[in-house]
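Have a look at data-v3.pdb below; it lists PDB, C-alpha atoms, pLDDT in the B column.
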ATOM      1  CA  MET A   1     153.507 286.362 -45.134  1.00 86.00           C
ATOM      2  CA  ARG A   2     156.636 287.890 -46.640  1.00 90.00           C
ATOM      3  CA  VAL A   3     157.482 287.191 -50.299  1.00 90.00           C
ATOM      4  CA  THR A   4     161.161 287.046 -51.263  1.00 92.00           C
ATOM      5  CA  ASN A   5     162.983 286.661 -54.514  1.00 94.00           C
ATOM      6  CA  ALA A   6     165.236 283.970 -53.006  1.00 94.00           C
ATOM      7  CA  PRO A   7     164.303 281.031 -55.271  1.00 94.00           C
ATOM      8  CA  ALA A   8     164.813 283.116 -58.415  1.00 95.00           C
ATOM      9  CA  SER A   9     168.085 284.611 -57.153  1.00 95.00           C
ATOM     10  CA  ARG A  10     169.401 281.199 -56.158  1.00 96.00           C
ATOM     11  CA  GLU A  11     168.508 279.791 -59.586  1.00 96.00           C
ATOM     12  CA  ARG A  12     170.204 282.719 -61.329  1.00 96.00           C
ATOM     13  CA  ARG A  13     173.363 282.183 -59.271  1.00 96.00           C
ATOM     14  CA  ARG A  14     173.274 278.415 -59.816  1.00 97.00           C
ATOM     15  CA  ARG A  15     173.036 278.895 -63.591  1.00 96.00           C
ATOM     16  CA  ARG A  16     176.020 281.278 -63.571  1.00 96.00           C
ATOM     17  CA  LEU A  17     178.101 278.952 -61.382  1.00 97.00           C
ATOM     18  CA  GLU A  18     177.343 276.015 -63.702  1.00 97.00           C
ATOM     19  CA  LEU A  19     179.081 277.928 -66.503  1.00 96.00           C
ATOM     20  CA  THR A  20     182.295 277.935 -64.439  1.00 96.00           C
ATOM     21  CA  LYS A  21     182.656 274.153 -64.528  1.00 94.00           C
ATOM     22  CA  GLY A  22     186.370 273.414 -64.830  1.00 95.00           C
ATOM     23  CA  PHE A  23     187.492 276.825 -63.560  1.00 96.00           C
ATOM     24  CA  TYR A  24     190.076 276.881 -60.771  1.00 96.00           C
ATOM     25  CA  GLY A  25     189.581 277.971 -57.142  1.00 96.00           C
ATOM     26  CA  ALA A  26     187.375 280.960 -56.331  1.00 96.00           C
ATOM     27  CA  ARG A  27     186.516 281.399 -60.016  1.00 96.00           C
ATOM     28  CA  SER A  28     184.254 278.369 -59.760  1.00 96.00           C
ATOM     29  CA  LYS A  29     182.976 278.913 -56.192  1.00 96.00           C
ATOM     30  CA  LEU A  30     182.344 282.592 -55.454  1.00 96.00           C
ATOM     31  CA  PHE A  31     179.533 284.228 -57.390  1.00 97.00           C
ATOM     32  CA  ARG A  32     181.113 287.596 -58.145  1.00 97.00           C
ATOM     33  CA  THR A  33     184.494 286.164 -59.128  1.00 97.00           C
ATOM     34  CA  ALA A  34     182.756 283.500 -61.199  1.00 97.00           C
ATOM     35  CA  THR A  35     180.640 286.110 -62.990  1.00 97.00           C
ATOM     36  CA  GLU A  36     183.760 288.101 -63.929  1.00 97.00           C
ATOM     37  CA  ALA A  37     185.519 284.931 -65.094  1.00 97.00           C
ATOM     38  CA  VAL A  38     182.541 283.830 -67.212  1.00 97.00           C
ATOM     39  CA  ASP A  39     182.134 287.293 -68.766  1.00 97.00           C
ATOM     40  CA  ARG A  40     185.810 287.328 -69.734  1.00 97.00           C
ATOM     41  CA  ALA A  41     185.661 283.766 -71.085  1.00 97.00           C
ATOM     42  CA  MET A  42     182.632 284.589 -73.226  1.00 96.00           C
ATOM     43  CA  ARG A  43     184.277 287.732 -74.586  1.00 97.00           C
ATOM     44  CA  LEU A  44     187.502 285.888 -75.435  1.00 97.00           C
ATOM     45  CA  SER A  45     185.666 282.932 -76.979  1.00 96.00           C
ATOM     46  CA  THR A  46     184.100 285.295 -79.518  1.00 95.00           C
ATOM     47  CA  GLU A  47     187.478 286.864 -80.272  1.00 97.00           C
ATOM     48  CA  HIS A  48     189.225 283.499 -80.524  1.00 97.00           C
ATOM     49  CA  ARG A  49     186.653 282.113 -82.964  1.00 97.00           C
ATOM     50  CA  LYS A  50     187.693 284.938 -85.289  1.00 96.00           C
ATOM     51  CA  LEU A  51     191.417 284.389 -84.639  1.00 97.00           C
ATOM     52  CA  LYS A  52     191.116 280.656 -85.359  1.00 97.00           C
ATOM     53  CA  LYS A  53     190.065 281.428 -88.945  1.00 97.00           C
ATOM     54  CA  ARG A  54     193.109 283.677 -89.331  1.00 97.00           C
ATOM     55  CA  ASP A  55     195.449 281.035 -87.871  1.00 97.00           C
ATOM     56  CA  PHE A  56     194.207 278.317 -90.196  1.00 97.00           C
ATOM     57  CA  ARG A  57     194.522 280.533 -93.279  1.00 97.00           C
ATOM     58  CA  GLN A  58     198.114 281.299 -92.220  1.00 97.00           C
ATOM     59  CA  LEU A  59     198.833 277.562 -91.876  1.00 97.00           C
ATOM     60  CA  TRP A  60     197.392 276.757 -95.323  1.00 97.00           C
ATOM     61  CA  ILE A  61     199.438 279.534 -96.937  1.00 97.00           C
ATOM     62  CA  ALA A  62     202.633 278.276 -95.245  1.00 97.00           C
ATOM     63  CA  ARG A  63     201.960 274.740 -96.525  1.00 97.00           C
ATOM     64  CA  ILE A  64     201.220 275.914-100.070  1.00 96.00           C
ATOM     65  CA  ASN A  65     204.322 278.116-100.055  1.00 97.00           C
ATOM     66  CA  ALA A  66     206.546 275.209 -98.961  1.00 96.00           C
ATOM     67  CA  ALA A  67     205.076 272.869-101.583  1.00 95.00           C
ATOM     68  CA  SER A  68     205.209 275.401-104.428  1.00 95.00           C
ATOM     69  CA  ARG A  69     208.803 276.417-103.618  1.00 96.00           C
ATOM     70  CA  ALA A  70     209.753 272.726-103.833  1.00 95.00           C
ATOM     71  CA  GLU A  71     208.366 272.910-107.394  1.00 92.00           C
ATOM     72  CA  GLY A  72     210.389 276.066-108.107  1.00 93.00           C
ATOM     73  CA  LEU A  73     207.655 278.691-107.763  1.00 94.00           C
ATOM     74  CA  SER A  74     206.984 281.209-104.983  1.00 94.00           C
ATOM     75  CA  TYR A  75     203.583 281.301-103.275  1.00 96.00           C
ATOM     76  CA  SER A  76     202.606 284.674-104.708  1.00 95.00           C
ATOM     77  CA  LYS A  77     203.488 283.690-108.284  1.00 95.00           C
ATOM     78  CA  PHE A  78     201.715 280.348-107.827  1.00 95.00           C
ATOM     79  CA  VAL A  79     198.480 281.968-106.609  1.00 95.00           C
ATOM     80  CA  ALA A  80     198.670 284.727-109.234  1.00 95.00           C
ATOM     81  CA  GLY A  81     199.077 282.051-111.924  1.00 95.00           C
ATOM     82  CA  LEU A  82     196.074 280.100-110.632  1.00 95.00           C
ATOM     83  CA  ILE A  83     193.920 283.236-110.621  1.00 95.00           C
ATOM     84  CA  LYS A  84     194.958 284.088-114.212  1.00 95.00           C
ATOM     85  CA  ALA A  85     194.186 280.499-115.254  1.00 94.00           C
ATOM     86  CA  GLY A  86     190.728 280.793-113.682  1.00 94.00           C
ATOM     87  CA  VAL A  87     191.256 278.058-111.056  1.00 92.00           C
ATOM     88  CA  THR A  88     188.817 278.691-108.195  1.00 92.00           C
ATOM     89  CA  LEU A  89     190.195 276.404-105.476  1.00 93.00           C
ATOM     90  CA  ASN A  90     190.430 277.846-101.984  1.00 95.00           C
ATOM     91  CA  ARG A  91     193.636 277.734 -99.945  1.00 96.00           C
ATOM     92  CA  LYS A  92     192.376 274.974 -97.672  1.00 97.00           C
ATOM     93  CA  MET A  93     191.791 272.638-100.631  1.00 96.00           C
ATOM     94  CA  ILE A  94     195.072 273.558-102.326  1.00 96.00           C
ATOM     95  CA  SER A  95     196.988 272.769 -99.115  1.00 97.00           C
ATOM     96  CA  GLU A  96     195.178 269.404 -98.808  1.00 96.00           C
ATOM     97  CA  ILE A  97     196.121 268.600-102.405  1.00 96.00           C
ATOM     98  CA  ALA A  98     199.734 269.597-101.690  1.00 96.00           C
ATOM     99  CA  ILE A  99     199.869 267.174 -98.737  1.00 95.00           C
ATOM    100  CA  ASN A 100     197.867 264.198-100.013  1.00 96.00           C
ATOM    101  CA  ASP A 101     198.267 264.333-103.810  1.00 95.00           C
ATOM    102  CA  PRO A 102     201.748 265.517-104.918  1.00 94.00           C
ATOM    103  CA  ALA A 103     201.030 264.611-108.563  1.00 95.00           C
ATOM    104  CA  GLY A 104     197.852 266.704-108.537  1.00 95.00           C
ATOM    105  CA  PHE A 105     199.723 269.609-106.963  1.00 95.00           C
ATOM    106  CA  LYS A 106     202.406 269.346-109.644  1.00 96.00           C
ATOM    107  CA  THR A 107     199.600 269.696-112.225  1.00 95.00           C
ATOM    108  CA  LEU A 108     198.369 272.859-110.473  1.00 95.00           C
ATOM    109  CA  VAL A 109     201.928 274.255-110.518  1.00 95.00           C
ATOM    110  CA  GLU A 110     202.158 273.603-114.266  1.00 95.00           C
ATOM    111  CA  ILE A 111     198.807 275.362-114.814  1.00 95.00           C
ATOM    112  CA  ALA A 112     200.057 278.344-112.774  1.00 94.00           C
ATOM    113  CA  LYS A 113     203.382 278.472-114.664  1.00 93.00           C
ATOM    114  CA  ASN A 114     201.650 278.359-118.076  1.00 92.00           C
ATOM    115  CA  ALA A 115     199.269 281.163-117.101  1.00 87.00           C
TER     116      ALA A 115
END
Spell out the structure here as structure tokens.
Amino acid sequence: MRVTNAPASRERRRRRLELTKGFYGARSKLFRTATEAVDRAMRLSTEHRKLKKRDFRQLWIARINAASRAEGLSYSKFVAGLIKAGVTLNRKMISEIAINDPAGFKTLVEIAKNA
């Protein structure tokens, strides 16, 4: 009796095709095209996880800049003042304060100006 690798091959292909759920056309049906599509998606997902961090930091800085300029201070002078004053809040938290607690943000601006 002849032994083949068919069950293992079929399982390998099935696993790869499952990863293409939601892909369009041949990218979810044909094994080779699907493999290329999955490889690209995996590569880009790694890259985009890194880019997402960059995008969010950019957003927080834009928000802080807008809020601090409304208080008469540029972003760079505001952050430099906070560092001199020894305030160790990260940009995410400062932007949340700027949005949800204007009085608290005003206090931070005063701290930065005094330093």
Tell me which protein, DNA and RNA residues are within 12 Å of A:Thr107, counting all atoms listed in the file, leaving out same-chain ones fewer than 2 positions away, and put them as a ChimeraX atom specification.
/A:68,71,78,82,87,94,97-98,101-105,109-114
Selection to disk with C-alpha atoms, as a PDB file, in the coordinates of the input:
ATOM      1  CA  SER A  68     205.209 275.401-104.428  1.00 95.00           C
ATOM      2  CA  GLU A  71     208.366 272.910-107.394  1.00 92.00           C
ATOM      3  CA  PHE A  78     201.715 280.348-107.827  1.00 95.00           C
ATOM      4  CA  LEU A  82     196.074 280.100-110.632  1.00 95.00           C
ATOM      5  CA  VAL A  87     191.256 278.058-111.056  1.00 92.00           C
ATOM      6  CA  ILE A  94     195.072 273.558-102.326  1.00 96.00           C
ATOM      7  CA  ILE A  97     196.121 268.600-102.405  1.00 96.00           C
ATOM      8  CA  ALA A  98     199.734 269.597-101.690  1.00 96.00           C
ATOM      9  CA  ASP A 101     198.267 264.333-103.810  1.00 95.00           C
ATOM     10  CA  PRO A 102     201.748 265.517-104.918  1.00 94.00           C
ATOM     11  CA  ALA A 103     201.030 264.611-108.563  1.00 95.00           C
ATOM     12  CA  GLY A 104     197.852 266.704-108.537  1.00 95.00           C
ATOM     13  CA  PHE A 105     199.723 269.609-106.963  1.00 95.00           C
ATOM     14  CA  VAL A 109     201.928 274.255-110.518  1.00 95.00           C
ATOM     15  CA  GLU A 110     202.158 273.603-114.266  1.00 95.00           C
ATOM     16  CA  ILE A 111     198.807 275.362-114.814  1.00 95.00           C
ATOM     17  CA  ALA A 112     200.057 278.344-112.774  1.00 94.00           C
ATOM     18  CA  LYS A 113     203.382 278.472-114.664  1.00 93.00           C
ATOM     19  CA  ASN A 114     201.650 278.359-118.076  1.00 92.00           C
TER      20      ASN A 114
END
Of the candidates A:Ala26, A:Met1, A:Ala34, A:Ile64, which one gets nearest to A:Arg13 if we count all atoms listed in the file?
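With all atoms listed in the file as the atom set, the closest residue is A:Ala34.
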Using all atoms listed in the file, can you tell me which of A:Arg16, A:Lys92, A:Lys21, A:Lys77 comes closest to A:Lys53?
A:Lys92
Which distance in Å separates atom CA of A:Lys29 and atom CA of A:Arg14, to one decimal?
10.4 Å
Do you know which residues the PyMOL selection byres ((chain A and resi 17) around 10) returns on this file, as an MDAnalysis selection string?
chainID A and resid 11:16 18:21 23 27:35 38
Prev. selection, C-alpha atoms, output as a PDB file, in the coordinates of the input:
ATOM      1  CA  GLU A  11     168.508 279.791 -59.586  1.00 96.00           C
ATOM      2  CA  ARG A  12     170.204 282.719 -61.329  1.00 96.00           C
ATOM      3  CA  ARG A  13     173.363 282.183 -59.271  1.00 96.00           C
ATOM      4  CA  ARG A  14     173.274 278.415 -59.816  1.00 97.00           C
ATOM      5  CA  ARG A  15     173.036 278.895 -63.591  1.00 96.00           C
ATOM      6  CA  ARG A  16     176.020 281.278 -63.571  1.00 96.00           C
ATOM      7  CA  GLU A  18     177.343 276.015 -63.702  1.00 97.00           C
ATOM      8  CA  LEU A  19     179.081 277.928 -66.503  1.00 96.00           C
ATOM      9  CA  THR A  20     182.295 277.935 -64.439  1.00 96.00           C
ATOM     10  CA  LYS A  21     182.656 274.153 -64.528  1.00 94.00           C
ATOM     11  CA  PHE A  23     187.492 276.825 -63.560  1.00 96.00           C
ATOM     12  CA  ARG A  27     186.516 281.399 -60.016  1.00 96.00           C
ATOM     13  CA  SER A  28     184.254 278.369 -59.760  1.00 96.00           C
ATOM     14  CA  LYS A  29     182.976 278.913 -56.192  1.00 96.00           C
ATOM     15  CA  LEU A  30     182.344 282.592 -55.454  1.00 96.00           C
ATOM     16  CA  PHE A  31     179.533 284.228 -57.390  1.00 97.00           C
ATOM     17  CA  ARG A  32     181.113 287.596 -58.145  1.00 97.00           C
ATOM     18  CA  THR A  33     184.494 286.164 -59.128  1.00 97.00           C
ATOM     19  CA  ALA A  34     182.756 283.500 -61.199  1.00 97.00           C
ATOM     20  CA  THR A  35     180.640 286.110 -62.990  1.00 97.00           C
ATOM     21  CA  VAL A  38     182.541 283.830 -67.212  1.00 97.00           C
TER      22      VAL A  38
END
When you count only C-alpha atoms, which of these residues is closest to A:Gly86: A:Ala115, A:Ala67, A:Leu51, A:Ala62?
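Going through A:Ala115, A:Ala67, A:Leu51, A:Ala62 one by one, the smallest distance to A:Gly86 is for A:Ala115.
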What's the separation between atom CA of A:Phe56 and atom CA of A:Tyr75, in Å to one decimal place?
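Value for the atom CA of A:Phe56-atom CA of A:Tyr75 distance: 16.4 Å.
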Between atom CA of A:Ala66 and atom CA of A:Arg54, distance in Å (one decimal):
18.6 Å
Would you mind telling me which residue in A:Leu108, A:Glu96, A:Lys52, A:Arg57 lies nearest to A:Gly81 when using all atoms listed in the file?
A:Leu108
Tell me which of A:Lys106, A:Arg43, A:Arg63, A:Arg69 sits closest to A:Met93, counting all atoms listed in the file.
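When distances to A:Met93 are compared using all atoms listed in the file, the smallest one comes from A:Arg63.
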Given 8 Å on each side, where is the centre and what are the edge lengths in Å to one decimal of the axis-aligned box enclosing the listed atoms of stretch 100-107 of chain A, as JSON?
{"center_x": 200.1, "center_y": 266.9, "center_z": -106.1, "size_x": 20.6, "size_y": 21.5, "size_z": 28.2}
Could you give me stretch 18-45 of chain A completed to N, CA and C atoms, formatted as a short mmCIF file (atom, residue, chain, number, x, y, z; two decimals), in the coordinates of the input?
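Result file out-v3.cif:
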data_model
loop_
_atom_site.label_atom_id
_atom_site.label_comp_id
_atom_site.auth_asym_id
_atom_site.auth_seq_id
_atom_site.Cartn_x
_atom_site.Cartn_y
_atom_site.Cartn_z
N GLU A 18 177.21 277.20 -62.84
CA GLU A 18 177.34 276.02 -63.70
C GLU A 18 178.25 276.30 -64.89
N LEU A 19 178.25 277.56 -65.35
CA LEU A 19 179.08 277.93 -66.50
C LEU A 19 180.57 277.91 -66.16
N THR A 20 180.89 277.89 -64.85
CA THR A 20 182.30 277.94 -64.44
C THR A 20 182.86 276.54 -64.18
N LYS A 21 182.17 275.52 -64.70
CA LYS A 21 182.66 274.15 -64.53
C LYS A 21 184.06 274.04 -65.12
N GLY A 22 185.01 273.55 -64.33
CA GLY A 22 186.37 273.41 -64.83
C GLY A 22 187.26 274.60 -64.48
N PHE A 23 186.68 275.69 -63.96
CA PHE A 23 187.49 276.82 -63.56
C PHE A 23 188.15 276.49 -62.23
N TYR A 24 189.25 277.21 -61.92
CA TYR A 24 190.08 276.88 -60.77
C TYR A 24 189.77 277.79 -59.58
N GLY A 25 189.70 277.20 -58.38
CA GLY A 25 189.58 277.97 -57.14
C GLY A 25 188.32 278.81 -57.04
N ALA A 26 188.50 280.06 -56.59
CA ALA A 26 187.38 280.96 -56.33
C ALA A 26 186.57 281.23 -57.60
N ARG A 27 187.20 281.09 -58.75
CA ARG A 27 186.52 281.40 -60.02
C ARG A 27 185.36 280.44 -60.28
N SER A 28 185.36 279.30 -59.58
CA SER A 28 184.25 278.37 -59.76
C SER A 28 183.36 278.28 -58.52
N LYS A 29 183.72 279.03 -57.45
CA LYS A 29 182.98 278.91 -56.19
C LYS A 29 182.24 280.19 -55.81
N LEU A 30 182.91 281.33 -55.92
CA LEU A 30 182.34 282.59 -55.45
C LEU A 30 181.61 283.28 -56.61
N PHE A 31 180.40 283.74 -56.31
CA PHE A 31 179.53 284.23 -57.39
C PHE A 31 180.13 285.40 -58.16
N ARG A 32 180.63 286.40 -57.45
CA ARG A 32 181.11 287.60 -58.14
C ARG A 32 182.34 287.27 -58.99
N THR A 33 183.28 286.54 -58.40
CA THR A 33 184.49 286.16 -59.13
C THR A 33 184.14 285.30 -60.33
N ALA A 34 183.20 284.39 -60.12
CA ALA A 34 182.76 283.50 -61.20
C ALA A 34 182.12 284.29 -62.33
N THR A 35 181.30 285.29 -61.98
CA THR A 35 180.64 286.11 -62.99
C THR A 35 181.68 286.82 -63.84
N GLU A 36 182.71 287.40 -63.19
CA GLU A 36 183.76 288.10 -63.93
C GLU A 36 184.51 287.13 -64.84
N ALA A 37 184.78 285.93 -64.32
CA ALA A 37 185.52 284.93 -65.09
C ALA A 37 184.71 284.48 -66.31
N VAL A 38 183.41 284.28 -66.11
CA VAL A 38 182.54 283.83 -67.21
C VAL A 38 182.43 284.93 -68.26
N ASP A 39 182.25 286.18 -67.82
CA ASP A 39 182.13 287.29 -68.77
C ASP A 39 183.39 287.39 -69.63
N ARG A 40 184.54 287.25 -69.01
CA ARG A 40 185.81 287.33 -69.73
C ARG A 40 185.93 286.15 -70.70
N ALA A 41 185.57 284.96 -70.23
CA ALA A 41 185.66 283.77 -71.08
C ALA A 41 184.76 283.89 -72.31
N MET A 42 183.55 284.42 -72.11
CA MET A 42 182.63 284.59 -73.23
C MET A 42 183.17 285.61 -74.23
N ARG A 43 183.73 286.69 -73.71
CA ARG A 43 184.28 287.73 -74.59
C ARG A 43 185.44 287.18 -75.42
N LEU A 44 186.33 286.43 -74.73
CA LEU A 44 187.50 285.89 -75.44
C LEU A 44 187.11 284.78 -76.40
N SER A 45 186.06 284.03 -76.08
CA SER A 45 185.67 282.93 -76.98
C SER A 45 185.20 283.50 -78.32
#
